[in-house]
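Engineer: Next comes work.cif, mmCIF, C-alpha atoms and all ligand atoms:
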```
data_input
loop_
_atom_site.label_atom_id
_atom_site.label_comp_id
_atom_site.auth_asym_id
_atom_site.auth_seq_id
_atom_site.Cartn_x
_atom_site.Cartn_y
_atom_site.Cartn_z
CA MET A 1 16.35 10.84 33.52
CA LYS A 2 13.39 9.45 31.64
CA PHE A 3 11.11 9.94 34.63
CA GLN A 4 12.36 13.49 35.02
CA LYS A 5 11.38 14.18 31.41
CA ILE A 6 7.94 12.72 31.96
CA ALA A 7 7.55 14.81 35.10
CA LEU A 8 8.63 17.90 33.18
CA LEU A 9 6.11 17.09 30.47
CA LEU A 10 3.37 16.87 33.06
CA ILE A 11 4.38 20.06 34.82
CA LEU A 12 5.20 22.31 31.89
CA GLY A 13 2.84 20.96 29.26
CA VAL A 14 4.00 19.84 25.85
CA CYS A 15 4.59 23.37 24.49
CA ALA A 16 7.50 23.90 26.83
CA VAL A 17 9.49 20.75 26.12
CA SER A 18 10.95 21.59 22.72
CA GLY A 19 14.34 22.39 24.22
CA LEU A 20 14.75 18.94 25.75
CA ALA A 21 17.35 16.75 24.16
CA PHE A 22 16.22 13.21 23.45
CA ALA A 23 18.41 10.17 22.84
CA ALA A 24 20.79 9.64 19.91
CA GLU A 25 18.99 9.52 16.52
CA SER A 26 16.86 12.21 18.08
CA CYS A 27 13.72 13.08 16.20
CA ASP A 28 13.86 16.73 17.21
CA ASP A 29 17.41 17.76 16.40
CA ALA A 30 17.74 20.72 14.06
CA PRO A 31 20.07 20.00 11.13
CA ALA A 32 20.90 22.65 8.55
CA LEU A 33 18.51 22.90 5.59
CA LYS A 34 19.17 20.16 3.06
CA THR A 35 19.77 20.64 -0.66
CA PRO A 36 17.73 18.01 -2.50
CA TYR A 37 18.81 16.35 -5.72
CA MET A 38 16.39 15.77 -8.58
CA ILE A 39 14.87 12.73 -10.27
CA ASP A 40 13.63 13.97 -13.65
CA LEU A 41 10.38 12.21 -14.62
CA GLY A 42 10.51 13.43 -18.24
CA ASP A 43 7.68 15.25 -20.02
CA LYS A 44 4.91 12.58 -19.69
CA TYR A 45 4.49 12.50 -15.90
CA VAL A 46 3.60 16.04 -14.92
CA THR A 47 1.76 15.76 -11.55
CA PRO A 48 3.51 13.14 -9.36
CA ASP A 49 1.81 12.53 -6.01
CA GLY A 50 1.29 9.35 -3.91
CA MET A 51 4.20 7.07 -3.12
CA ALA A 52 4.58 3.72 -1.35
CA TYR A 53 7.73 1.81 -0.53
CA ASN A 54 7.55 -1.90 -1.32
CA PRO A 55 9.94 -3.92 0.87
CA VAL A 56 9.48 -6.94 -1.43
CA ASP A 57 11.31 -5.36 -4.39
CA ASN A 58 12.86 -2.27 -2.73
CA ASN A 59 11.07 -0.04 -5.26
CA ILE A 60 9.12 3.10 -4.52
CA TYR A 61 5.77 3.03 -6.33
CA LEU A 62 4.54 6.42 -7.55
CA VAL A 63 1.21 7.46 -9.05
CA ILE A 64 0.56 10.32 -11.45
CA PRO A 65 -3.07 11.50 -11.15
CA ALA A 66 -4.70 12.76 -14.34
CA ALA A 67 -5.06 16.21 -12.81
CA VAL A 68 -4.44 18.53 -15.72
CA GLU A 69 -5.50 16.29 -18.59
CA GLU A 70 -7.99 13.43 -19.18
CA GLY A 71 -7.07 9.79 -19.04
CA ASP A 72 -5.85 6.90 -16.98
CA ALA A 73 -3.08 7.23 -14.42
CA PRO A 74 0.44 5.83 -14.78
CA LEU A 75 1.89 3.75 -11.95
CA LEU A 76 5.68 4.12 -11.92
CA VAL A 77 8.47 2.60 -9.91
CA ILE A 78 11.58 4.40 -8.72
CA THR A 79 14.12 1.60 -8.69
CA PRO A 80 16.81 1.33 -5.98
CA ASP A 81 19.24 3.15 -8.32
CA ASP A 82 16.66 5.94 -8.89
CA LYS A 83 15.65 4.92 -12.43
CA VAL A 84 12.03 5.64 -13.47
CA LYS A 85 9.94 2.85 -15.00
CA GLU A 86 6.21 2.72 -15.87
CA VAL A 87 4.75 -0.62 -14.74
CA PHE A 88 0.95 -0.21 -15.01
CA ARG A 89 -1.87 2.11 -16.08
CA ILE A 90 -4.70 2.66 -13.58
CA PRO A 91 -7.86 2.92 -15.67
CA ALA A 92 -9.94 6.08 -15.68
CA ASN A 93 -13.37 6.19 -14.10
CA PRO A 94 -15.58 5.46 -17.16
CA ASP A 95 -18.06 8.16 -16.06
CA THR A 96 -15.51 10.99 -15.84
CA LYS A 97 -12.69 9.76 -18.13
CA HIS A 98 -10.20 10.63 -15.37
CA ALA A 99 -8.19 8.65 -12.83
CA GLY A 100 -7.43 11.10 -10.02
CA VAL A 101 -5.35 8.72 -7.93
CA LEU A 102 -3.57 10.23 -4.90
CA GLY A 103 -2.83 8.15 -1.79
CA ILE A 104 -1.42 4.62 -2.18
CA ALA A 105 -0.23 1.98 0.28
CA PHE A 106 0.62 -1.72 0.19
CA GLY A 107 -1.42 -4.16 2.26
CA GLN A 108 -0.07 -7.25 4.02
CA ASP A 109 -1.58 -9.12 1.07
CA GLY A 110 1.03 -7.56 -1.28
CA ASN A 111 -1.60 -5.58 -3.19
CA LEU A 112 -1.62 -1.82 -3.64
CA TYR A 113 -4.61 0.11 -2.26
CA VAL A 114 -5.40 3.38 -4.04
CA ALA A 115 -7.50 6.45 -3.26
CA ASP A 116 -8.96 7.76 -6.51
CA SER A 117 -9.84 11.35 -5.64
CA GLN A 118 -11.58 12.53 -8.84
CA GLU A 119 -11.80 15.91 -7.08
CA ILE A 120 -8.28 16.70 -8.28
CA SER A 121 -9.49 15.99 -11.82
CA GLY A 122 -12.37 18.44 -11.41
CA HIS A 123 -15.14 15.98 -10.46
CA VAL A 124 -16.38 16.63 -6.95
CA ASN A 125 -19.79 15.05 -7.51
CA HIS A 126 -19.14 11.83 -5.55
CA ASN A 127 -17.13 10.10 -8.28
CA GLY A 128 -14.26 9.18 -5.93
CA ARG A 129 -13.37 5.52 -5.49
CA LEU A 130 -11.32 3.08 -3.45
CA LEU A 131 -9.27 0.84 -5.78
CA ARG A 132 -6.94 -2.15 -5.45
CA ILE A 133 -4.11 -3.00 -7.83
CA VAL A 134 -3.69 -6.75 -7.57
CA PHE A 135 -0.09 -8.02 -7.69
CA GLU A 136 0.78 -11.50 -8.94
CA ASP A 137 4.37 -12.80 -8.88
CA GLY A 138 5.51 -9.31 -7.90
CA ASN A 139 3.81 -7.54 -10.80
CA PRO A 140 0.66 -5.40 -10.97
CA VAL A 141 -1.87 -7.29 -13.11
CA ARG A 142 -5.30 -5.72 -12.70
CA CYS A 143 -7.26 -2.92 -11.04
CA GLU A 144 -10.37 -3.60 -8.95
CA VAL A 145 -13.01 -1.12 -7.78
CA LEU A 146 -13.76 -1.79 -4.10
CA ALA A 147 -15.93 1.15 -3.00
CA THR A 148 -17.53 4.22 -4.58
CA ASN A 149 -19.40 7.48 -3.90
CA PHE A 150 -16.67 9.52 -2.20
CA VAL A 151 -16.03 13.24 -2.79
CA ALA A 152 -12.25 13.60 -2.43
CA PRO A 153 -10.31 10.51 -1.25
CA ASN A 154 -6.72 11.45 -0.49
CA GLY A 155 -4.04 10.07 1.86
CA LEU A 156 -4.36 6.31 2.50
CA THR A 157 -2.77 3.72 4.75
CA VAL A 158 -3.23 0.03 5.55
CA ALA A 159 -2.92 -1.17 9.15
CA ASN A 160 -4.74 -3.40 11.65
CA GLY A 161 -6.23 -5.42 8.74
CA LYS A 162 -8.00 -2.24 7.61
CA VAL A 163 -7.62 0.32 4.87
CA TYR A 164 -7.97 3.88 6.15
CA PHE A 165 -8.21 6.90 3.87
CA CYS A 166 -8.97 10.59 4.18
CA GLU A 167 -12.04 12.21 2.67
CA THR A 168 -10.71 15.74 2.18
CA ARG A 169 -14.20 17.19 2.19
CA VAL A 170 -17.69 15.73 2.50
CA THR A 171 -19.61 18.12 0.25
CA GLU A 172 -19.18 19.51 -3.24
CA ASP A 173 -18.85 23.07 -1.95
CA THR A 174 -16.17 24.36 0.43
CA PRO A 175 -17.84 26.12 3.37
CA CYS A 176 -15.87 27.51 6.30
CA PRO A 177 -15.55 25.71 8.63
CA LEU A 178 -15.09 22.70 6.36
CA THR A 179 -15.94 19.12 7.41
CA SER A 180 -13.69 16.21 6.47
CA GLY A 181 -12.48 12.97 8.04
CA LEU A 182 -11.42 9.36 7.75
CA PHE A 183 -13.00 6.25 6.21
CA CYS A 184 -12.11 2.78 7.46
CA PHE A 185 -12.86 -0.54 5.75
CA ASP A 186 -11.91 -4.03 6.89
CA LEU A 187 -9.98 -5.68 4.05
CA LYS A 188 -12.17 -8.77 4.44
CA GLU A 189 -15.41 -6.88 3.78
CA LEU A 190 -14.24 -5.47 0.42
CA ASP A 191 -15.55 -7.36 -2.62
CA PRO A 192 -14.68 -6.23 -6.16
CA ALA A 193 -17.61 -8.30 -7.48
CA ASN A 194 -19.91 -6.11 -5.42
CA PRO A 195 -18.30 -2.71 -4.74
CA TYR A 196 -19.55 -0.95 -1.62
CA ARG A 197 -21.46 2.27 -2.29
CA ALA A 198 -20.85 4.70 0.58
CA LYS A 199 -23.77 6.65 1.98
CA THR A 200 -23.68 10.32 1.02
CA TYR A 201 -22.82 12.56 4.00
CA VAL A 202 -25.79 14.41 5.47
CA SER A 203 -24.62 15.47 8.93
CA GLU A 204 -22.21 14.51 11.70
CA THR A 205 -24.60 11.85 12.95
CA ASP A 206 -26.19 10.93 9.62
CA CYS A 207 -23.34 9.52 7.51
CA ASP A 208 -21.77 6.25 6.42
CA PRO A 209 -20.86 3.91 9.33
CA HIS A 210 -17.35 3.54 7.86
CA PHE A 211 -16.75 7.28 8.32
CA ILE A 212 -15.13 6.80 11.74
CA PHE A 213 -13.52 10.16 12.45
CA GLN A 214 -14.46 13.68 11.42
CA PHE A 215 -13.32 17.20 12.21
CA LYS A 216 -13.52 20.81 11.03
CA THR A 217 -10.94 22.95 9.24
CA ASN A 218 -11.30 26.61 10.23
CA ASP A 219 -8.72 28.31 7.98
CA PRO A 220 -10.75 30.49 5.56
CA ASP A 221 -7.92 30.78 3.01
CA TRP A 222 -7.03 27.08 2.64
CA ARG A 223 -10.36 25.22 2.78
CA VAL A 224 -8.69 21.84 2.58
CA GLY A 225 -9.33 19.25 5.29
CA ALA A 226 -8.09 15.69 5.93
CA ASN A 227 -5.19 15.12 3.56
CA GLY A 228 -2.11 13.04 4.47
CA CYS A 229 -2.60 9.70 6.25
CA SER A 230 -0.03 7.30 7.65
CA SER A 231 0.23 4.62 10.34
CA SER A 232 2.80 3.55 12.90
CA VAL A 233 4.01 0.02 13.62
CA ASP A 234 1.88 -0.05 16.77
CA GLY A 235 -1.30 0.51 14.74
CA LYS A 236 -1.99 4.17 15.40
CA VAL A 237 -3.22 6.19 12.43
CA TYR A 238 -2.17 9.80 11.80
CA VAL A 239 -4.34 12.24 9.84
CA ALA A 240 -3.26 15.68 8.59
CA ASN A 241 -5.58 18.68 8.79
CA PHE A 242 -4.19 20.60 5.79
CA GLY A 243 -5.59 24.09 6.42
CA ASP A 244 -5.30 24.13 10.22
CA LYS A 245 -1.74 22.70 10.19
CA GLN A 246 -2.38 19.90 12.66
CA ILE A 247 -1.79 16.15 12.72
CA TYR A 248 -4.21 13.99 14.73
CA GLU A 249 -2.96 10.77 16.32
CA LEU A 250 -5.78 8.22 16.46
CA THR A 251 -5.72 5.30 18.87
CA PHE A 252 -8.21 2.49 18.26
CA GLY A 253 -10.04 -0.14 20.27
CA ALA A 254 -9.18 -3.80 19.76
CA ASP A 255 -10.95 -4.14 16.40
CA GLY A 256 -9.09 -1.19 14.79
CA SER A 257 -12.18 0.65 13.63
CA LYS A 258 -13.38 2.55 16.70
CA VAL A 259 -11.37 5.66 17.65
CA THR A 260 -10.81 5.66 21.42
CA LYS A 261 -8.37 8.58 21.71
CA VAL A 262 -7.42 11.62 19.62
CA ARG A 263 -4.24 13.58 20.34
CA ASN A 264 -2.81 16.68 18.61
CA VAL A 265 0.75 15.89 17.50
CA ILE A 266 1.63 19.62 17.16
CA PRO A 267 -0.08 21.24 20.16
CA CYS A 268 2.17 24.31 20.34
CA PRO A 269 1.08 27.31 18.19
CA ASN A 270 4.70 28.45 17.81
CA GLU A 271 5.56 25.15 16.11
CA ARG A 272 2.56 25.43 13.77
CA LYS A 273 3.77 28.92 12.81
CA LYS A 274 6.68 27.24 11.00
CA LEU A 275 4.14 25.78 8.51
CA MET A 276 1.64 26.97 5.95
CA SER A 277 -0.12 23.60 5.43
CA ILE A 278 0.23 19.85 5.99
CA ASP A 279 -0.23 17.69 2.89
CA GLY A 280 1.25 14.18 2.60
CA ILE A 281 2.64 12.66 5.82
CA ARG A 282 4.74 9.57 6.55
CA VAL A 283 5.39 8.08 9.97
CA ASP A 284 8.94 6.92 10.71
CA SER A 285 8.36 4.57 13.65
CA THR A 286 12.09 3.83 14.00
CA HIS A 287 12.98 7.45 14.75
CA GLY A 288 9.70 8.52 16.34
CA CYS A 289 8.94 11.24 13.82
CA ILE A 290 6.61 12.12 10.97
CA PHE A 291 7.95 13.57 7.73
CA PHE A 292 5.53 15.76 5.81
CA ALA A 293 5.09 17.96 2.75
CA ASP A 294 3.96 21.55 3.21
CA PHE A 295 2.27 22.23 -0.13
CA ALA A 296 1.34 25.86 0.55
CA GLY A 297 4.73 26.70 2.10
CA ASN A 298 6.68 24.71 -0.53
CA ALA A 299 8.67 23.00 2.21
CA VAL A 300 9.37 19.63 3.81
CA HIS A 301 9.40 19.28 7.58
CA LYS A 302 9.54 16.60 10.21
CA VAL A 303 7.81 16.61 13.57
CA CYS A 304 8.85 14.66 16.64
CA ILE A 305 5.82 12.59 17.67
CA SER A 306 6.55 12.81 21.40
CA THR A 307 7.53 16.50 21.73
CA GLY A 308 5.67 18.10 18.81
CA LYS A 309 8.79 19.98 17.76
CA VAL A 310 8.86 20.85 14.05
CA THR A 311 12.13 20.92 12.07
CA THR A 312 12.28 22.25 8.51
CA LEU A 313 14.36 20.05 6.20
CA ALA A 314 14.00 21.92 2.90
CA LYS A 315 12.20 25.02 1.64
CA ASN A 316 12.45 27.25 -1.42
CA PRO A 317 10.27 29.65 -3.39
CA VAL A 318 8.12 27.91 -6.04
CA GLY A 319 9.65 27.94 -9.50
CA THR A 320 10.34 25.23 -12.05
CA GLY A 321 11.83 22.61 -9.73
CA ALA A 322 15.17 22.70 -11.54
CA ASP A 323 18.19 21.19 -9.79
CA GLY A 324 16.04 19.39 -7.22
CA ALA A 325 14.18 22.41 -5.87
CA LEU A 326 10.76 21.75 -4.35
CA ASP A 327 7.92 22.64 -6.77
CA ARG A 328 4.55 22.56 -4.96
CA CYS A 329 5.48 19.36 -3.14
CA SER A 330 2.68 17.11 -1.88
CA GLU A 331 3.96 13.74 -0.64
CA VAL A 332 7.00 12.16 1.02
CA CYS A 333 8.34 8.59 1.22
CA ARG A 334 11.42 7.28 2.99
CA ARG A 335 13.71 4.59 1.54
CA GLY A 336 16.78 3.82 3.61
CA ASN A 337 18.49 7.09 4.41
CA LYS A 338 16.72 9.09 1.69
CA LEU A 339 13.47 11.00 1.69
CA TYR A 340 11.70 11.12 -1.69
CA ILE A 341 9.41 14.11 -2.25
CA SER A 342 6.88 14.33 -5.07
CA ASN A 343 6.39 17.73 -6.68
CA ILE A 344 2.78 17.66 -7.85
CA ASP A 345 3.39 21.15 -9.30
CA LEU A 346 -0.28 22.17 -9.34
CA PRO A 347 -1.00 25.66 -10.68
CA PHE A 348 -1.61 27.45 -7.34
CA ASP A 349 0.53 30.63 -7.59
CA ASN A 350 2.75 28.42 -9.70
CA ASP A 351 3.05 27.03 -13.25
CA ASN A 352 3.04 23.31 -13.97
CA ASP A 353 6.35 23.37 -15.79
CA ALA A 354 9.37 21.27 -16.78
CA PRO A 355 11.25 19.70 -15.19
CA HIS A 356 8.56 17.39 -13.77
CA SER A 357 10.35 15.95 -10.84
CA LEU A 358 10.86 14.30 -7.51
CA SER A 359 13.24 15.91 -5.03
CA VAL A 360 15.39 13.65 -2.87
CA ILE A 361 16.96 14.52 0.47
CA GLU A 362 19.77 12.53 2.04
CA LEU A 363 18.82 12.41 5.71
CA CA A 401 -2.22 14.92 -0.62
CA CA A 402 8.18 21.68 -12.38
CA CA A 403 6.38 24.95 -11.07
#
```
For this file, write the structure as structure tokens.
Structural biologist:
Amino acid sequence: MKFQKIALLLILGVCAVSGLAFAAESCDDAPALKTPYMIDLGDKYVTPDGMAYNPVDNNIYLVIPAAVEEGDAPLLVITPDDKVKEVFRIPANPDTKHAGVLGIAFGQDGNLYVADSQEISGHVNHNGRLLRIVFEDGNPVRCEVLATNFVAPNGLTVANGKVYFCETRVTEDTPCPLTSGLFCFDLKELDPANPYRAKTYVSETDCDPHFIFQFKTNDPDWRVGANGCSSSVDGKVYVANFGDKQIYELTFGADGSKVTKVRNVIPCPNERKKLMSIDGIRVDSTHGCIFFADFAGNAVHKVCISTGKVTTLAKNPVGTGADGALDRCSEVCRRGNKLYISNIDLPFDNDNDAPHSLSVIEL
């Protein structure tokens, strides 16, 4: 049966396989739309975004970028019983007075790696940074600056002994087509005593050597490039092209920093028509799928990595986010059988309004 499927794939091309049924726990079944429940963050945490599950304490860590006001950025935990607790403050960039933190992920070293966008706080003039929150005895104790001079760092993942993060655009302006891509640093080369200053992007061939993958976004209406970033247990890295509604699967050579193969996870245009954007993404290696937030469409979907079939899990018109409704959602994070969705609630055809919330779906 398996060989028949592979033969079908070869003959029909990936667009034609969406009707195929895969094994139990299938990644491309089509359940009814879910009704999320709400975690109310209160009135202090108004733009929740990046999340990372920590298997050590079973908490989900959540950052709140200083997007609509100045200041440092709270780091919260969502405890296993869904209580909200602030555990650290990520200091603002002293030059801008903002901490625009977005993507976060834990390394094998137990520390939390952080993409400080600054662009979301209104500073696109290469103020973005790569940060590390050092954990001691299970607690965050200090923040280190590891690298600087980025425009718009966004989704971030740690795999293969490397930290990978998206640069959502490479210039201060937003031309169409728009160039963006992926930075990669070996954890061993990062030194907080001597932060790396990235070379400013000049052209496709004249840019920082750590900028290992780049592409164009052609959508004229959403000029937003590389956004969500996640990795699988076998060391592949997935990068979302926000405006063009695509996810790239990157395969690396032995050292984890040279891209040897790029594959479109959603090759079929009819599947991409179910979406308006791809923001935060999270690979579920166990079930062979990627969950993702559709910021522009105010929806959450999953895509089967092998077939490219997209299934919508939740979607509603933007509003306040009351009763668990999605409210300009931007990131997803799985814990057990639940998918946590952060509602960054940015004012794009929307008001940043109470309740300030996460939505949670029982899968
Ligand atoms: Ca994002
Ligand atoms: Ca809201
Ligand atoms: Ca709202």
Engineer: Can you build me a table of region 158-197 of chain A residues sitting at most 9 Å from region 254-260 of chain A, with the closest atom pair per residue and its distance in Å to one decimal, using all atoms listed in the file, sorted by chain and residue number, as JSON lines?
Structural biologist:
```
{"residue": "A:Ala159", "atom": "CA", "partner": "A:Gly256", "partner_atom": "CA", "distance": 8.4}
{"residue": "A:Asn160", "atom": "CA", "partner": "A:Gly256", "partner_atom": "CA", "distance": 5.8}
{"residue": "A:Gly161", "atom": "CA", "partner": "A:Gly256", "partner_atom": "CA", "distance": 7.9}
{"residue": "A:Lys162", "atom": "CA", "partner": "A:Gly256", "partner_atom": "CA", "distance": 7.3}
{"residue": "A:Cys184", "atom": "CA", "partner": "A:Ser257", "partner_atom": "CA", "distance": 6.5}
{"residue": "A:Phe185", "atom": "CA", "partner": "A:Ser257", "partner_atom": "CA", "distance": 8.0}
{"residue": "A:Asp186", "atom": "CA", "partner": "A:Ser257", "partner_atom": "CA", "distance": 8.2}
```
Engineer: In Å, with one decimal, what is the gap from CA of Val77 (chain A) to CA of Val145 (chain A)?
Structural biologist: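 Between CA of Val77 (chain A) and CA of Val145 (chain A) the gap works out to 21.9 Å.
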Engineer: Counting only C-alpha atoms and all ligand atoms, what are the residues, protein, DNA or RNA alike, that approach ligand CA 402 (chain A) to within 12 Å? I want them as a PDB file with C-alpha atoms, in the frame of the given file.
Structural biologist:
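Writing the result to out.pdb gives the following:
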```
ATOM      1  CA  MET A  38      16.390  15.770  -8.580  1.00  0.00           C
ATOM      2  CA  ILE A  39      14.870  12.730 -10.270  1.00  0.00           C
ATOM      3  CA  ASP A  40      13.630  13.970 -13.650  1.00  0.00           C
ATOM      4  CA  LEU A  41      10.380  12.210 -14.620  1.00  0.00           C
ATOM      5  CA  GLY A  42      10.510  13.430 -18.240  1.00  0.00           C
ATOM      6  CA  ASP A  43       7.680  15.250 -20.020  1.00  0.00           C
ATOM      7  CA  TYR A  45       4.490  12.500 -15.900  1.00  0.00           C
ATOM      8  CA  VAL A  46       3.600  16.040 -14.920  1.00  0.00           C
ATOM      9  CA  THR A  47       1.760  15.760 -11.550  1.00  0.00           C
ATOM     10  CA  PRO A  48       3.510  13.140  -9.360  1.00  0.00           C
ATOM     11  CA  VAL A 318       8.120  27.910  -6.040  1.00  0.00           C
ATOM     12  CA  GLY A 319       9.650  27.940  -9.500  1.00  0.00           C
ATOM     13  CA  THR A 320      10.340  25.230 -12.050  1.00  0.00           C
ATOM     14  CA  GLY A 321      11.830  22.610  -9.730  1.00  0.00           C
ATOM     15  CA  ALA A 322      15.170  22.700 -11.540  1.00  0.00           C
ATOM     16  CA  ASP A 323      18.190  21.190  -9.790  1.00  0.00           C
ATOM     17  CA  GLY A 324      16.040  19.390  -7.220  1.00  0.00           C
ATOM     18  CA  ALA A 325      14.180  22.410  -5.870  1.00  0.00           C
ATOM     19  CA  LEU A 326      10.760  21.750  -4.350  1.00  0.00           C
ATOM     20  CA  ASP A 327       7.920  22.640  -6.770  1.00  0.00           C
ATOM     21  CA  ARG A 328       4.550  22.560  -4.960  1.00  0.00           C
ATOM     22  CA  CYS A 329       5.480  19.360  -3.140  1.00  0.00           C
ATOM     23  CA  SER A 342       6.880  14.330  -5.070  1.00  0.00           C
ATOM     24  CA  ASN A 343       6.390  17.730  -6.680  1.00  0.00           C
ATOM     25  CA  ILE A 344       2.780  17.660  -7.850  1.00  0.00           C
ATOM     26  CA  ASP A 345       3.390  21.150  -9.300  1.00  0.00           C
ATOM     27  CA  LEU A 346      -0.280  22.170  -9.340  1.00  0.00           C
ATOM     28  CA  PRO A 347      -1.000  25.660 -10.680  1.00  0.00           C
ATOM     29  CA  ASN A 350       2.750  28.420  -9.700  1.00  0.00           C
ATOM     30  CA  ASP A 351       3.050  27.030 -13.250  1.00  0.00           C
ATOM     31  CA  ASN A 352       3.040  23.310 -13.970  1.00  0.00           C
ATOM     32  CA  ASP A 353       6.350  23.370 -15.790  1.00  0.00           C
ATOM     33  CA  ALA A 354       9.370  21.270 -16.780  1.00  0.00           C
ATOM     34  CA  PRO A 355      11.250  19.700 -15.190  1.00  0.00           C
ATOM     35  CA  HIS A 356       8.560  17.390 -13.770  1.00  0.00           C
ATOM     36  CA  SER A 357      10.350  15.950 -10.840  1.00  0.00           C
ATOM     37  CA  LEU A 358      10.860  14.300  -7.510  1.00  0.00           C
ATOM     38  CA  SER A 359      13.240  15.910  -5.030  1.00  0.00           C
TER      39      SER A 359
END
```
Engineer: I'd like a table as a tab-separated table: residues in chain A with an atom no more than 8 Å from ligand CA 401 (chain A), each row giving the shortest atom pair and its distance in Å to one decimal, only C-alpha atoms and all ligand atoms counted, sorted by chain and rising residue number.
Structural biologist:
```
residue	atom	partner	partner_atom	distance
A:Asp49	CA	A:CA401	CA	7.1
A:Gly50	CA	A:CA401	CA	7.4
A:Leu102	CA	A:CA401	CA	6.5
A:Gly103	CA	A:CA401	CA	6.9
A:Asn154	CA	A:CA401	CA	5.7
A:Gly155	CA	A:CA401	CA	5.7
A:Asn227	CA	A:CA401	CA	5.1
A:Gly228	CA	A:CA401	CA	5.4
A:Asp279	CA	A:CA401	CA	4.9
A:Gly280	CA	A:CA401	CA	4.8
A:Ser330	CA	A:CA401	CA	5.5
A:Glu331	CA	A:CA401	CA	6.3
```
Engineer: Which residue, A:Ala67, A:Val84, A:Val134, A:Val303, has the smallest gap to Val101 (chain A) when you use all atoms listed in the file?
Structural biologist: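 Among the listed residues, the smallest separation from Val101 (chain A) belongs to A:Ala67.
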Engineer: What's the 7 Å shell around region 114-120 of chain A, counting all atoms listed in the file, without same-chain residues fewer than 5 positions away, as number ranges by chain?
Structural biologist: A: 67, 98-105, 127-132, 151-154, 156
Engineer: Would you mind exporting the chosen residues as a tab-separated table (two decimals), in the frame of the given file, restricted to C-alpha atoms?
Structural biologist:
```
chain	number	residue	atom	x	y	z
A	67	ALA	CA	-5.06	16.21	-12.81
A	98	HIS	CA	-10.20	10.63	-15.37
A	99	ALA	CA	-8.19	8.65	-12.83
A	100	GLY	CA	-7.43	11.10	-10.02
A	101	VAL	CA	-5.35	8.72	-7.93
A	102	LEU	CA	-3.57	10.23	-4.90
A	103	GLY	CA	-2.83	8.15	-1.79
A	104	ILE	CA	-1.42	4.62	-2.18
A	105	ALA	CA	-0.23	1.98	0.28
A	127	ASN	CA	-17.13	10.10	-8.28
A	128	GLY	CA	-14.26	9.18	-5.93
A	129	ARG	CA	-13.37	5.52	-5.49
A	130	LEU	CA	-11.32	3.08	-3.45
A	131	LEU	CA	-9.27	0.84	-5.78
A	132	ARG	CA	-6.94	-2.15	-5.45
A	151	VAL	CA	-16.03	13.24	-2.79
A	152	ALA	CA	-12.25	13.60	-2.43
A	153	PRO	CA	-10.31	10.51	-1.25
A	154	ASN	CA	-6.72	11.45	-0.49
A	156	LEU	CA	-4.36	6.31	2.50
```
Engineer: One decimal, Å: what's the distance from CA of Ile212 (chain A) over to CA of Thr148 (chain A), could you say?
Structural biologist: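 Computing the Euclidean distance for CA of Ile212 (chain A) and CA of Thr148 (chain A) yields 16.7 Å.
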Engineer: Name the residues in contact with Val239 (chain A) at a cut-off of 7 Å, using only C-alpha atoms, excluding same-chain residues fewer than 4 positions from it; report them as number ranges by chain.
Structural biologist: A: 226-230, 247-249
Engineer: Given the selection you just returned, output its residues as a file containing C-alpha atoms, formatted as an mmCIF file, in the frame of the given file.
Structural biologist:
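So the final result, stored in selection_31.cif, reads:
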```cif
data_model
loop_
_atom_site.group_PDB
_atom_site.id
_atom_site.type_symbol
_atom_site.label_atom_id
_atom_site.label_comp_id
_atom_site.auth_asym_id
_atom_site.auth_seq_id
_atom_site.Cartn_x
_atom_site.Cartn_y
_atom_site.Cartn_z
ATOM 1 C CA ALA A 226 -8.090 15.690 5.930
ATOM 2 C CA ASN A 227 -5.190 15.120 3.560
ATOM 3 C CA GLY A 228 -2.110 13.040 4.470
ATOM 4 C CA CYS A 229 -2.600 9.700 6.250
ATOM 5 C CA SER A 230 -0.030 7.300 7.650
ATOM 6 C CA ILE A 247 -1.790 16.150 12.720
ATOM 7 C CA TYR A 248 -4.210 13.990 14.730
ATOM 8 C CA GLU A 249 -2.960 10.770 16.320
#
```
Engineer: Just the number, please: distance in Å from CA of His126 (chain A) to CA of Ala147 (chain A), one decimal.
Structural biologist: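 Between CA of His126 (chain A) and CA of Ala147 (chain A) the gap is 11.4 Å.
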Engineer: Restricting the calculation to all atoms listed in the file, which member of A:Tyr53, A:Phe215, A:Phe106, A:Tyr340 is positioned closest to Tyr164 (chain A)?
Structural biologist: A:Phe106
Engineer: Which residue out of A:Thr157, A:Ser277, A:Ser285, A:Asn241 has the minimum interatomic distance to Thr179 (chain A) when all atoms listed in the file are used?
Structural biologist: A:Asn241
Engineer: Using only C-alpha atoms, which of the listed residues (A:Cys27, A:Ala66, A:Ile60, A:Val310) sits closest to Asp294 (chain A)?
Structural biologist: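 Between A:Cys27, A:Ala66, A:Ile60, A:Val310, the residue approaching Asp294 (chain A) most closely is A:Val310.
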Engineer: Arg334 (chain A): which residues within 12 Å, counting all atoms listed in the file, same-chain residues fewer than 6 positions away excluded, as a PyMOL selection string?
Structural biologist: chain A and resi 51-55+58-61+281-287+289-292+302+340-342+359-363
Engineer: Looking at all atoms listed in the file, which of A:Phe135, A:Phe88, A:Phe295, A:Tyr196 is the one that sits closest to ligand CA 403 (chain A)?
Structural biologist: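 Looking only at the distances to ligand CA 403 (chain A), the closest residue turns out to be A:Phe295.
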Engineer: Excluding Arg223 (chain A) and its own-chain neighbours fewer than 6 positions away, which residues fall within 8 Å of it when counting all atoms listed in the file? Please give them as a PyMOL selection string.
Structural biologist: chain A and resi 174-178+217+243
Engineer: Counting all atoms listed in the file, figure out which residue out of A:Arg197, A:Ile266, A:Lys83, A:Asn298 gets nearest to ligand CA 403 (chain A).
Structural biologist: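 Smallest separation from ligand CA 403 (chain A) among the options: A:Asn298.
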